[in-house]
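Data block for run_9.txt (compact mmCIF, C-alpha atoms):
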```
# COMPACT_ATOMS: atom_id res chain seq x y z
CA MET I 1 -27.31 88.14 -13.97
CA SER I 2 -23.61 87.41 -14.08
CA PRO I 3 -21.72 87.34 -10.78
CA ILE I 4 -19.73 90.35 -9.57
CA ILE I 5 -16.54 89.62 -7.67
CA ASP I 6 -15.41 92.48 -5.45
CA ALA I 7 -11.60 92.38 -5.29
CA ARG I 8 -11.11 96.03 -4.39
CA GLY I 9 -8.39 96.50 -1.80
CA LYS I 10 -7.01 93.01 -2.42
CA ALA I 11 -3.28 92.72 -2.99
CA CYS I 12 -1.76 90.92 -5.98
CA PRO I 13 -2.39 88.08 -6.83
CA THR I 14 -5.68 87.79 -4.92
CA PRO I 15 -7.87 89.33 -7.70
CA VAL I 16 -6.44 86.80 -10.15
CA ILE I 17 -7.05 83.96 -7.70
CA MET I 18 -10.67 85.07 -7.24
CA ALA I 19 -11.19 85.22 -11.00
CA LYS I 20 -9.59 81.81 -11.45
CA LYS I 21 -11.99 80.36 -8.90
CA ALA I 22 -14.92 81.74 -10.89
CA ILE I 23 -13.53 80.16 -14.06
CA SER I 24 -13.00 76.85 -12.26
CA ALA I 25 -16.58 77.04 -11.00
CA GLY I 26 -17.74 77.10 -14.61
CA GLU I 27 -18.78 80.73 -14.86
CA SER I 28 -18.89 81.86 -18.49
CA THR I 29 -19.53 85.53 -17.74
CA PHE I 30 -18.57 87.45 -14.63
CA THR I 31 -17.16 90.82 -13.57
CA VAL I 32 -14.25 91.53 -11.24
CA LEU I 33 -13.98 94.89 -9.47
CA VAL I 34 -10.46 96.11 -8.63
CA ASP I 35 -8.86 99.41 -7.67
CA ASN I 36 -5.58 99.48 -9.59
CA THR I 37 -4.38 99.16 -13.17
CA THR I 38 -1.87 96.42 -12.42
CA ALA I 39 -4.72 94.15 -11.33
CA VAL I 40 -6.59 95.06 -14.53
CA GLU I 41 -3.61 94.02 -16.66
CA ASN I 42 -3.17 90.79 -14.71
CA LEU I 43 -6.85 89.96 -15.15
CA LYS I 44 -6.67 90.68 -18.88
CA ARG I 45 -3.77 88.27 -19.24
CA LEU I 46 -5.61 85.64 -17.24
CA ALA I 47 -8.62 86.06 -19.54
CA GLU I 48 -6.47 85.73 -22.62
CA ASN I 49 -4.80 82.58 -21.29
CA GLN I 50 -8.09 80.99 -20.29
CA GLY I 51 -10.10 81.57 -23.47
CA PHE I 52 -12.07 84.60 -22.29
CA ASP I 53 -12.61 88.09 -23.63
CA ALA I 54 -11.96 90.79 -21.04
CA ALA I 55 -13.64 94.20 -21.22
CA ALA I 56 -12.28 96.76 -18.78
CA ALA I 57 -13.99 99.97 -17.71
CA GLU I 58 -13.26 102.57 -15.06
CA ALA I 59 -15.60 104.77 -13.05
CA GLU I 60 -14.63 106.91 -10.07
CA GLY I 61 -11.45 104.97 -9.39
CA VAL I 62 -13.09 101.55 -9.58
CA PHE I 63 -12.08 99.30 -12.46
CA SER I 64 -14.41 96.58 -13.65
CA VAL I 65 -13.12 93.74 -15.79
CA THR I 66 -15.87 91.67 -17.39
CA PHE I 67 -14.90 88.16 -18.44
CA THR I 68 -16.82 86.50 -21.28
CA ARG I 69 -15.94 83.00 -22.42
CA THR I 70 -15.12 83.01 -26.12
CA GLY I 71 -16.13 79.39 -26.60
CA CYS I 72 -13.08 78.62 -28.65
CA ALA I 73 -12.36 75.00 -27.73
CA ALA I 74 -9.30 74.87 -29.93
CA CYS I 75 -7.90 77.95 -28.20
CA GLU I 76 -8.43 76.47 -24.76
CA GLU I 77 -6.82 73.21 -25.83
CA ALA I 78 -3.83 75.13 -27.14
CA VAL I 79 -3.56 77.10 -23.92
CA ASN I 80 -3.74 74.00 -21.74
CA SER I 81 -1.34 71.87 -23.74
CA PRO I 82 2.31 71.93 -22.63
CA LEU I 83 3.59 73.96 -25.55
CA PRO I 84 7.01 75.52 -25.36
CA ALA I 85 7.13 79.21 -24.52
CA PRO I 86 7.05 81.55 -27.56
CA GLY I 87 10.41 81.99 -29.20
CA GLY I 88 12.09 79.01 -27.61
CA ASP I 89 11.80 75.97 -25.45
CA TRP I 90 13.46 77.40 -22.38
CA ALA I 91 13.18 80.18 -19.87
CA VAL I 92 15.51 82.06 -17.54
CA PHE I 93 14.48 82.70 -13.95
CA VAL I 94 16.31 85.60 -12.29
CA GLY I 95 15.73 85.74 -8.54
CA ARG I 96 18.56 88.11 -7.66
CA ASP I 97 20.39 91.11 -9.05
CA ILE I 98 23.85 89.51 -9.13
CA ILE I 99 25.18 86.14 -10.24
CA GLY I 100 26.51 84.02 -7.42
CA ASP I 101 27.01 84.52 -3.70
CA GLY I 102 30.40 86.20 -3.59
CA ASP I 103 31.50 89.74 -4.31
CA ARG I 104 28.62 92.05 -5.36
CA GLU I 105 30.68 94.00 -7.88
CA LEU I 106 31.86 90.85 -9.60
CA GLY I 107 28.32 89.45 -9.48
CA THR I 108 26.96 92.62 -11.12
CA ASN I 109 29.51 92.32 -13.91
CA LEU I 110 28.69 88.66 -14.43
CA MET I 111 24.98 89.46 -14.68
CA ARG I 112 25.61 92.17 -17.30
CA MET I 113 27.85 89.78 -19.23
CA PHE I 114 25.15 87.10 -19.07
CA PHE I 115 22.51 89.35 -20.61
CA TYR I 116 25.00 90.75 -23.14
CA THR I 117 25.73 87.19 -24.28
CA LEU I 118 22.06 86.22 -24.25
CA SER I 119 21.08 89.20 -26.40
CA GLN I 120 23.88 88.56 -28.89
CA GLY I 121 23.25 84.84 -29.32
CA GLU I 122 20.85 83.21 -31.75
CA ASP I 123 19.35 80.68 -29.33
CA LYS I 124 17.20 82.96 -27.23
CA PRO I 125 14.86 81.89 -24.43
CA GLY I 126 11.10 82.15 -24.73
CA ALA I 127 10.88 84.09 -21.50
CA VAL I 128 12.96 85.81 -18.85
CA LEU I 129 11.30 85.87 -15.44
CA PHE I 130 12.31 88.32 -12.71
CA MET I 131 11.47 87.95 -9.02
CA ASN I 132 12.72 89.29 -5.68
CA ALA I 133 15.90 91.38 -6.10
CA GLY I 134 16.01 90.31 -9.75
CA VAL I 135 13.46 93.07 -10.46
CA LYS I 136 16.22 95.62 -9.87
CA LEU I 137 17.67 94.64 -13.26
CA PRO I 138 14.80 95.71 -15.61
CA THR I 139 14.40 98.89 -13.53
CA LEU I 140 17.77 100.20 -12.36
CA ASP I 141 20.55 98.58 -14.40
CA GLU I 142 21.03 100.64 -17.57
CA GLN I 143 23.03 98.00 -19.41
CA VAL I 144 20.74 95.11 -18.58
CA VAL I 145 17.71 97.22 -19.52
CA GLU I 146 19.15 97.74 -23.01
CA HIS I 147 19.84 94.02 -23.44
CA LEU I 148 16.32 93.21 -22.27
CA LYS I 149 14.87 95.67 -24.77
CA ALA I 150 16.79 93.88 -27.52
CA LEU I 151 15.56 90.50 -26.28
CA SER I 152 11.99 91.78 -26.08
CA ALA I 153 12.22 93.13 -29.63
CA ALA I 154 13.34 89.64 -30.68
CA GLY I 155 10.17 88.13 -29.22
CA VAL I 156 11.40 87.12 -25.78
CA GLU I 157 8.76 87.61 -23.11
CA ILE I 158 9.97 89.63 -20.12
CA LEU I 159 7.83 89.05 -17.02
CA VAL I 160 8.51 91.02 -13.85
CA CYS I 161 6.98 90.19 -10.46
CA GLY I 162 4.63 93.03 -9.49
CA THR I 163 4.72 92.16 -5.80
CA CYS I 164 8.51 92.39 -5.86
CA LEU I 165 8.48 95.73 -7.71
CA ASN I 166 6.10 97.04 -5.07
CA PHE I 167 8.26 95.69 -2.23
CA TYR I 168 11.36 97.48 -3.51
CA GLY I 169 9.43 100.67 -4.40
CA LEU I 170 10.24 100.20 -8.09
CA THR I 171 6.77 99.87 -9.61
CA ASP I 172 7.03 103.20 -11.42
CA ARG I 173 10.57 102.55 -12.59
CA LEU I 174 10.05 99.48 -14.76
CA ARG I 175 11.85 100.20 -18.06
CA VAL I 176 11.16 96.99 -19.97
CA GLY I 177 8.87 94.00 -19.64
CA THR I 178 5.42 93.34 -18.25
CA VAL I 179 4.33 93.56 -14.63
CA SER I 180 3.31 90.02 -13.83
CA ASN I 181 2.28 87.68 -11.05
CA MET I 182 3.05 84.23 -9.68
CA TYR I 183 0.42 82.57 -11.91
CA ASP I 184 1.90 83.89 -15.14
CA ILE I 185 5.44 83.18 -14.02
CA VAL I 186 4.69 79.61 -12.95
CA THR I 187 2.77 79.03 -16.19
CA ARG I 188 5.77 80.20 -18.20
CA MET I 189 8.00 77.83 -16.22
CA GLN I 190 5.64 74.93 -16.84
CA LYS I 191 5.48 75.61 -20.57
CA ALA I 192 9.24 75.80 -20.92
CA GLY I 193 11.20 72.65 -21.68
CA LYS I 194 13.83 73.80 -19.20
CA VAL I 195 14.25 76.68 -16.80
CA ILE I 196 17.69 78.09 -16.06
CA SER I 197 17.75 79.72 -12.65
CA LEU I 198 20.26 82.46 -11.81
CA MET V 1 35.80 98.85 -36.82
CA ASP V 2 32.25 98.37 -35.56
CA TYR V 3 33.18 98.71 -31.93
CA GLY V 4 36.16 98.62 -29.61
CA VAL V 5 36.95 96.20 -26.81
CA ILE V 6 39.34 96.54 -23.90
CA THR V 7 40.64 93.39 -22.24
CA PHE V 8 42.41 93.22 -18.91
CA THR V 9 44.94 90.98 -17.25
CA SER V 10 42.90 90.91 -14.05
CA THR V 11 39.26 91.04 -13.00
CA TYR V 12 40.10 93.84 -10.59
CA GLY V 13 41.50 95.87 -13.48
CA ALA V 14 38.32 95.36 -15.50
CA ILE V 15 36.11 96.50 -12.62
CA TYR V 16 38.37 99.44 -11.82
CA ALA V 17 38.40 100.54 -15.47
CA GLN V 18 34.61 100.71 -15.55
CA LYS V 19 34.75 103.22 -12.70
CA VAL V 20 37.44 105.21 -14.48
CA LEU V 21 35.38 105.33 -17.67
CA ARG V 22 32.13 106.34 -15.99
CA GLY V 23 31.22 109.70 -17.46
CA VAL V 24 33.95 109.43 -20.10
CA ALA V 25 32.14 107.19 -22.57
CA ASP V 26 29.13 104.90 -22.83
CA VAL V 27 30.60 101.46 -22.23
CA LEU V 28 29.17 97.98 -21.90
CA THR V 29 30.43 95.11 -19.79
CA MET V 30 30.84 91.99 -21.91
CA PRO V 31 32.64 88.66 -21.85
CA VAL V 32 36.00 88.56 -23.59
CA LEU V 33 35.42 87.44 -27.17
CA ARG V 34 36.52 83.94 -28.02
CA GLU V 35 38.54 85.48 -30.84
CA ILE V 36 40.71 87.26 -28.25
CA SER V 37 42.90 84.99 -26.20
CA LEU V 38 44.40 87.57 -23.84
CA GLY V 39 42.70 88.61 -20.68
CA CYS V 40 40.48 87.67 -17.79
CA GLY V 41 36.80 87.06 -18.43
CA ILE V 42 35.54 90.62 -18.26
CA ALA V 43 35.92 93.05 -21.14
CA VAL V 44 34.64 96.56 -21.79
CA ARG V 45 33.01 97.53 -25.07
CA PHE V 46 33.02 101.10 -26.37
CA GLN V 47 32.07 103.03 -29.51
CA PRO V 48 34.86 103.71 -32.05
CA GLU V 49 34.47 107.48 -31.72
CA ASP V 50 35.29 107.22 -28.02
CA LEU V 51 38.64 105.48 -28.56
CA ASP V 52 40.80 108.53 -27.86
CA ALA V 53 38.86 109.57 -24.76
CA VAL V 54 38.88 106.02 -23.38
CA ARG V 55 42.57 105.63 -24.09
CA ALA V 56 43.38 108.93 -22.38
CA ALA V 57 41.28 108.10 -19.31
CA LEU V 58 42.96 104.73 -18.81
CA ALA V 59 46.41 106.25 -19.38
CA ALA V 60 45.68 108.74 -16.60
CA SER V 61 44.49 106.00 -14.24
CA THR V 62 46.55 103.78 -11.95
CA LEU V 63 46.36 100.93 -14.48
CA LYS V 64 49.69 100.15 -16.10
CA PRO V 65 49.84 99.94 -19.92
CA GLY V 66 50.58 96.21 -19.78
CA GLU V 67 47.46 95.53 -17.76
CA TYR V 68 45.02 96.19 -20.58
CA ALA V 69 44.80 95.97 -24.35
CA PHE V 70 42.63 97.54 -27.04
CA TYR V 71 40.96 95.66 -29.87
CA GLY V 72 38.92 96.78 -32.84
CA VAL V 73 36.06 94.44 -33.70
CA THR V 74 34.38 94.17 -37.09
CA GLY V 75 31.50 91.93 -38.15
CA SER V 76 29.66 89.36 -36.10
CA GLY V 77 29.11 85.63 -35.80
CA GLY V 78 31.42 83.60 -38.01
CA ALA V 79 32.57 86.74 -39.82
CA LEU V 80 33.73 88.48 -36.66
CA ARG V 81 37.27 89.84 -36.71
CA ALA V 82 39.11 91.29 -33.73
CA GLU V 83 42.40 93.10 -34.30
CA ARG V 84 44.74 94.34 -31.62
CA LEU V 85 45.06 98.09 -31.72
CA PRO V 86 48.42 99.74 -31.12
```

Can you give me the file's structure in the form of structure tokens?
Amino acid sequence: MSPIIDARGKACPTPVIMAKKAISAGESTFTVLVDNTTAVENLKRLAENQGFDAAAAEAEGVFSVTFTRTGCAACEEAVNSPLPAPGGDWAVFVGRDIIGDGDRELGTNLMRMFFYTLSQGEDKPGAVLFMNAGVKLPTLDEQVVEHLKALSAAGVEILVCGTCLNFYGLTDRLRVGTVSNMYDIVTRMQKAGKVISL
Amino acid sequence: MDYGVITFTSTYGAIYAQKVLRGVADVLTMPVLREISLGCGIAVRFQPEDLDAVRAALAASTLKPGEYAFYGVTGSGGALRAERLP
């Protein structure tokens, strides 16, 4: 019988960490129990990145995500090799909602101008990663949201820290991008040839 | 023109103008185009159909006429053309 990992009540990214430990231990089939949809999505992405199928089911508020190794060696090799992020060999890390340390209003304008320019240019990053106060941009800033939608439509991956959204009470207000976790964000950084930090 | 751009002689003017235009027209903050030499770094982009409303709002503000300029922009990339509007 395949192991069952009870991650109910565990905060992000603990369910992902527990699943990763099972993968590292060589488990080819196991089930993780969680109690929220964000954890389900994070686990699905982990499965995809690690060469597993993930089947999710829900019963009485408990979500079960069953991992099954696909056995695709070529896929695993591709996942583990340091390939550039999709769409480009660089990523942008946004850890704040303004550019620079000075005036907030000026910093807000600079941030909007940055994303305007990024969305208009041809050399787009593979990923844009939002953490801490940076998550206010894909939630609350109308102009930046529109630029991010254009970038996303062009194939740029938009990853937004779920812990940070929760901290600022913005989880339900995400307008563009995918709720993500430290594992996905660090993986994107590692795959990128360069990371530009704002 | 495809869209309009307002440039400003000062950053303060650009930021102030955004407040003036809030509720008047849908505007975007953008860097001043390379094709336009005048201005500080911040410009405001607006839709052509909003030109009259934007012009009227700025005329009624504390900005002086010499502190901002209107441009009409057509095309993009290498084919981009920006012409000063009267």

Subject >> chain V contacts to chain I at 7 Å (all atoms listed in the file) as a PyMOL selection string >> reply: chain V and resi 28-31

**OP:** Skip stretch 67-69 of chain V itself and residues of its chain fewer than 5 positions away, then list as number ranges by chain all residues within 10 Å of it, counting all atoms listed in the file.
**Re:** V: 5-10, 13-14, 17, 38-39, 43, 55, 58, 84-86

Under the rule of at most 10 Å, produce a per-residue listing of stretch 22-81 of chain I near stretch 159-173 of chain I: chain, number, name, the closest pair of atoms, and the distance in Å, as JSON lines, using only C-alpha atoms.
```
{"residue": "I:Thr38", "atom": "CA", "partner": "I:Gly162", "partner_atom": "CA", "distance": 7.9}
{"residue": "I:Ala39", "atom": "CA", "partner": "I:Gly162", "partner_atom": "CA", "distance": 9.6}
{"residue": "I:Asn42", "atom": "CA", "partner": "I:Gly162", "partner_atom": "CA", "distance": 9.6}
```

I need the residues from that last selection saved to file as an mmCIF file, in the coordinates of the input (with C-alpha atoms), if you can.
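Printed below is part18.cif as written:
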```cif
data_model
loop_
_atom_site.group_PDB
_atom_site.id
_atom_site.type_symbol
_atom_site.label_atom_id
_atom_site.label_comp_id
_atom_site.auth_asym_id
_atom_site.auth_seq_id
_atom_site.Cartn_x
_atom_site.Cartn_y
_atom_site.Cartn_z
ATOM 1 C CA THR I 38 -1.870 96.420 -12.420
ATOM 2 C CA ALA I 39 -4.720 94.150 -11.330
ATOM 3 C CA ASN I 42 -3.170 90.790 -14.710
#
```

Subject >> Contacts of V:Asp50 at 9 Å (all atoms listed in the file; same-chain gap of 2+ positions) as a PyMOL selection string >> reply: chain V and resi 4+24-26+46-48+52-55

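Note that the spacing between atom CA of V:Ser61 and atom CA of V:Val20 amounts to 7.1 Å.
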
Original post:
Which polymer residues, protein or nucleic acid, are no farther than 9 Å from (34.7, 94.5, -35.7), counting all atoms listed in the file, as an MDAnalysis selection string?
Top reply: chainID V and resid 1:4 71:76 80:83

Subject >> Residue contacts of I:Phe130 (6 Å, all atoms listed in the file) excluding same-chain residues fewer than 3 positions away, as a PyMOL selection string >> reply: chain I and resi 94-95+134-135+160

Original post:
What separation in Å, quoted to one decimal, exists between atom CA of I:Ile158 and atom CA of V:Gly78?
Top reply: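 That distance, rounded to one decimal, is 28.6 Å.
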
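For the pair atom CA of I:Gly126 and atom CA of I:Phe93, the separation is 11.3 Å.
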
Original post:
From the set I:Leu140, I:Val186, I:Ala127, I:Ala25, which residue has the shortest atom-to-atom contact distance to I:Gly155, counting only C-alpha atoms?
Top reply: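 Result for the nearest residue to I:Gly155: I:Ala127.
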
Original post:
Taking into account only C-alpha atoms, which residue in the set I:Val34, I:Met189, I:Ile196, I:Val128 is nearest to I:Ala11?
Top reply: I:Val34

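For the residues I:Val65, I:Ala133, I:Met1, I:Val195, ranking by smallest atom-to-atom distance to I:Ile98 using all atoms listed in the file places I:Ala133 first.
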
Can you rebuild stretch 49-83 of chain V with N, CA and C atoms and give it as a compact mmCIF listing (two decimals), in the frame of the given file?
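Writing the result to result-v7.txt gives the following:
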```txt
# COMPACT_ATOMS: atom_id res chain seq x y z
N GLU V 49 34.19 106.05 -31.85
CA GLU V 49 34.47 107.48 -31.72
C GLU V 49 34.97 107.85 -30.33
N ASP V 50 34.84 106.94 -29.38
CA ASP V 50 35.29 107.22 -28.02
C ASP V 50 36.70 106.69 -27.75
N LEU V 51 37.34 106.13 -28.76
CA LEU V 51 38.64 105.48 -28.56
C LEU V 51 39.65 106.41 -27.89
N ASP V 52 39.79 107.62 -28.42
CA ASP V 52 40.80 108.53 -27.86
C ASP V 52 40.50 108.90 -26.41
N ALA V 53 39.23 109.18 -26.12
CA ALA V 53 38.86 109.57 -24.76
C ALA V 53 39.07 108.41 -23.79
N VAL V 54 38.72 107.20 -24.23
CA VAL V 54 38.88 106.02 -23.38
C VAL V 54 40.36 105.76 -23.14
N ARG V 55 41.12 105.87 -24.20
CA ARG V 55 42.57 105.63 -24.09
C ARG V 55 43.22 106.63 -23.12
N ALA V 56 42.81 107.88 -23.24
CA ALA V 56 43.38 108.93 -22.38
C ALA V 56 42.99 108.71 -20.91
N ALA V 57 41.75 108.31 -20.69
CA ALA V 57 41.28 108.10 -19.31
C ALA V 57 42.03 106.95 -18.65
N LEU V 58 42.23 105.87 -19.40
CA LEU V 58 42.96 104.73 -18.81
C LEU V 58 44.44 105.07 -18.60
N ALA V 59 45.00 105.86 -19.52
CA ALA V 59 46.41 106.25 -19.38
C ALA V 59 46.61 107.10 -18.13
N ALA V 60 45.58 107.86 -17.77
CA ALA V 60 45.68 108.74 -16.60
C ALA V 60 45.32 108.02 -15.30
N SER V 61 44.91 106.76 -15.42
CA SER V 61 44.49 106.00 -14.24
C SER V 61 45.71 105.28 -13.63
N THR V 62 45.45 104.52 -12.59
CA THR V 62 46.55 103.78 -11.95
C THR V 62 46.85 102.46 -12.67
N LEU V 63 46.07 102.15 -13.71
CA LEU V 63 46.36 100.93 -14.48
C LEU V 63 47.64 101.12 -15.27
N LYS V 64 48.46 100.08 -15.30
CA LYS V 64 49.69 100.15 -16.10
C LYS V 64 49.38 99.73 -17.53
N PRO V 65 50.13 100.24 -18.50
CA PRO V 65 49.84 99.94 -19.92
C PRO V 65 49.78 98.44 -20.21
N GLY V 66 50.58 97.65 -19.52
CA GLY V 66 50.58 96.21 -19.78
C GLY V 66 49.40 95.47 -19.18
N GLU V 67 48.58 96.19 -18.44
CA GLU V 67 47.46 95.53 -17.76
C GLU V 67 46.17 95.53 -18.57
N TYR V 68 46.21 96.18 -19.73
CA TYR V 68 45.02 96.19 -20.58
C TYR V 68 45.43 96.29 -22.03
N ALA V 69 44.51 95.93 -22.92
CA ALA V 69 44.80 95.97 -24.35
C ALA V 69 43.54 96.36 -25.12
N PHE V 70 43.75 97.08 -26.21
CA PHE V 70 42.63 97.54 -27.04
C PHE V 70 42.49 96.67 -28.29
N TYR V 71 41.25 96.40 -28.65
CA TYR V 71 40.96 95.66 -29.87
C TYR V 71 39.88 96.39 -30.66
N GLY V 72 39.98 96.29 -31.97
CA GLY V 72 38.92 96.78 -32.84
C GLY V 72 38.17 95.58 -33.39
N VAL V 73 36.87 95.60 -33.29
CA VAL V 73 36.06 94.44 -33.70
C VAL V 73 35.21 94.84 -34.89
N THR V 74 35.19 93.96 -35.89
CA THR V 74 34.38 94.17 -37.09
C THR V 74 33.58 92.91 -37.36
N GLY V 75 32.33 93.09 -37.79
CA GLY V 75 31.50 91.93 -38.15
C GLY V 75 30.94 91.24 -36.92
N SER V 76 30.25 90.13 -37.19
CA SER V 76 29.66 89.36 -36.10
C SER V 76 29.56 87.90 -36.51
N GLY V 77 29.26 87.06 -35.53
CA GLY V 77 29.11 85.63 -35.80
C GLY V 77 30.39 85.05 -36.36
N GLY V 78 30.26 84.25 -37.41
CA GLY V 78 31.42 83.60 -38.01
C GLY V 78 32.33 84.57 -38.73
N ALA V 79 31.79 85.75 -39.08
CA ALA V 79 32.57 86.74 -39.82
C ALA V 79 33.23 87.76 -38.89
N LEU V 80 33.17 87.51 -37.60
CA LEU V 80 33.73 88.48 -36.66
C LEU V 80 35.26 88.49 -36.71
N ARG V 81 35.81 89.70 -36.74
CA ARG V 81 37.27 89.84 -36.71
C ARG V 81 37.64 90.81 -35.61
N ALA V 82 38.63 90.42 -34.81
CA ALA V 82 39.11 91.29 -33.73
C ALA V 82 40.60 91.52 -33.93
N GLU V 83 40.98 92.78 -34.07
CA GLU V 83 42.40 93.10 -34.30
C GLU V 83 42.93 93.95 -33.16
```
